[in-house]
Each structure stands twice: as C-alpha cells, then as structure tokens.
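Accompanying notes for the structure given below.
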Amino acid sequence: MADTHRDVEALETLASTLTESIEGYEAAAEAAKGSSLGGVLHRKAREREVISRRFRQRIAALGGNPVAGASDAAPHHPFHNLRRLLAENREAAVAEVARSEEYLKQCFESCLSDPQLNPDTKALLSGTYDRVKFDDAQWDQLTHAAR
C-alpha cells in the first residue's frame, strides 16, 4: 500500500479549517437570523458539513483518524470574527466572509500543490476546490457590491 501520510495530513488540515468555517457560518447565521444573509450563511454551513464529512470518510479509508483535528482549528483563522462583525457592521461581516473564503482557498491551493498526494485524494480536493473558488468569487462580488 502506498504511503498515505501526506494525504491524511492534507485532508485533516482542510477538514479542520472546514470545521472552523462551519462554526463561523453557524454563529454568523444565528446573529443574522431572519435575514436573507442569515439564510445564505446557514446554507453555506450545511454545504461545508457535507464536504467535511467526505474528507473525514477519505481519512478513515486511508487508515487515518477521521476525528483528528476536528476541534484543532486555530483561533486566529478569520472565520472566528463573523458573529461579532455581523452584530456590529454587515458590510464588514461580508468582507470578513470574503477574507475567510480566500483563506480557505489558499489552504486548498497549498494542499493541491503537494506532488506526493495520491491521485484519488487530489481528485477529491480538486472537485471541492472548484466549489471553494466559486464561493470565494461570490463573496468578493458581494463585498464590492456592499461598498
């Protein structure tokens, strides 16, 4: 069997960042409850849960611990600011979501640039990365429209 350490490590990193994204979106959705933005944020959290679940299934299939890193998301990641910003300033909150999406996109790019990843893992990440790029572009447009 091929060495899967790099695959598991990349998937754990992304799953952890996705978990933080889910938590940030859920907190922000609660703060924006009853608004269209709250609904969008809630849907994004659900989409990220599906992606995270797929990554954790792949981690398990590779022999890794699918719950490793589940709560290891570093508090300096941008997703943690969403709830506070939404309460203070919606324009700033949308800008923070855009910044958070850019951070997630960069995490994917870093993992995808690893030439040692298994082709199946790289395919999983690539398919998800397309969605992350789309979301990033959407939030960038909303940021510019809010100005």
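Residues in the structure tokens are named by chain (A, B, ... in the order shown) and by number from 1 within that chain; ligands are numbered from 1 in the order shown.
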Neighbour list for range 34-47 of chain A as a ChimeraX atom specification, cut-off 8 Å, only C-alpha atoms, skip fewer than 6 positions in-chain: /A:21-23,25-26,28
Using only C-alpha atoms, determine which residues lie at most 8 Å from Leu112 in chain A, disregarding the query and same-chain residues fewer than 3 positions distant; provide the list as an MDAnalysis selection string. chainID A and resid 108:109 115 117 122 125:126
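Across the structure, CA of Glu96 in chain A and CA of Ala27 in chain A are spaced 13.4 Å apart.
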Can you list, as a PyMOL selection string, every protein, DNA or RNA residue that comes within 12 Å of Ala61 in chain A when you count only C-alpha atoms, leaving out same-chain residues fewer than 6 positions away? chain A and resi 4+7-8+11+54-55+120-121
Could you save the residues just selected, with N, CA and C atoms, as an mmCIF file, in the first residue's frame?
data_model
loop_
_atom_site.group_PDB
_atom_site.id
_atom_site.type_symbol
_atom_site.label_atom_id
_atom_site.label_comp_id
_atom_site.auth_asym_id
_atom_site.auth_seq_id
_atom_site.Cartn_x
_atom_site.Cartn_y
_atom_site.Cartn_z
ATOM 1 N N THR A 4 0.305 6.997 2.730
ATOM 2 C CA THR A 4 -0.855 7.898 2.706
ATOM 3 C C THR A 4 -0.733 9.018 3.728
ATOM 4 N N ASP A 7 -1.513 12.449 2.381
ATOM 5 C CA ASP A 7 -2.936 12.579 2.059
ATOM 6 C C ASP A 7 -3.741 12.840 3.331
ATOM 7 N N VAL A 8 -3.490 12.029 4.347
ATOM 8 C CA VAL A 8 -4.217 12.173 5.610
ATOM 9 C C VAL A 8 -3.944 13.543 6.213
ATOM 10 N N LEU A 11 -5.841 16.232 4.210
ATOM 11 C CA LEU A 11 -7.278 16.131 4.462
ATOM 12 C C LEU A 11 -7.629 16.585 5.871
ATOM 13 N N ARG A 54 -17.166 14.151 3.725
ATOM 14 C CA ARG A 54 -16.469 13.419 2.650
ATOM 15 C C ARG A 54 -14.974 13.310 2.943
ATOM 16 N N PHE A 55 -14.385 14.401 3.409
ATOM 17 C CA PHE A 55 -12.955 14.386 3.716
ATOM 18 C C PHE A 55 -12.664 13.417 4.856
ATOM 19 N N ASP A 120 -6.281 9.914 -6.223
ATOM 20 C CA ASP A 120 -7.677 9.909 -5.759
ATOM 21 C C ASP A 120 -7.930 11.045 -4.764
ATOM 22 N N THR A 121 -6.982 11.278 -3.881
ATOM 23 C CA THR A 121 -7.123 12.381 -2.922
ATOM 24 C C THR A 121 -7.080 13.706 -3.657
#
Go through A:Cys111, A:Ala32, A:Ala123, A:Leu104 and flag the residue nearest Asp135 in chain A, using only C-alpha atoms for the distances. A:Leu104
Could you jot down the CA of Arg53 in chain A to CA of Leu14 in chain A separation for me, Å, one decimal place? 11.3 Å
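The gap separating CA of Gln57 in chain A from CA of Glu30 in chain A is 28.4 Å, in Å to one decimal.
With only C-alpha atoms as the atoms that count, the residue of A:Thr19, A:Asn118, A:Val50, A:Gly24 with the shortest distance to Val97 in chain A is A:Gly24.
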If you count only C-alpha atoms, which residues fall within 8 Å of Ala15 in chain A, apart from same-chain ones fewer than 2 positions away, as number ranges by chain? A: 11-13, 17-19, 52, 55-56, 69-70
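You can rank A:Val132, A:Ile51, A:Leu62, A:Ala29 by their closest distance to Glu101 in chain A using only C-alpha atoms, and at the top of that list sits A:Val132.
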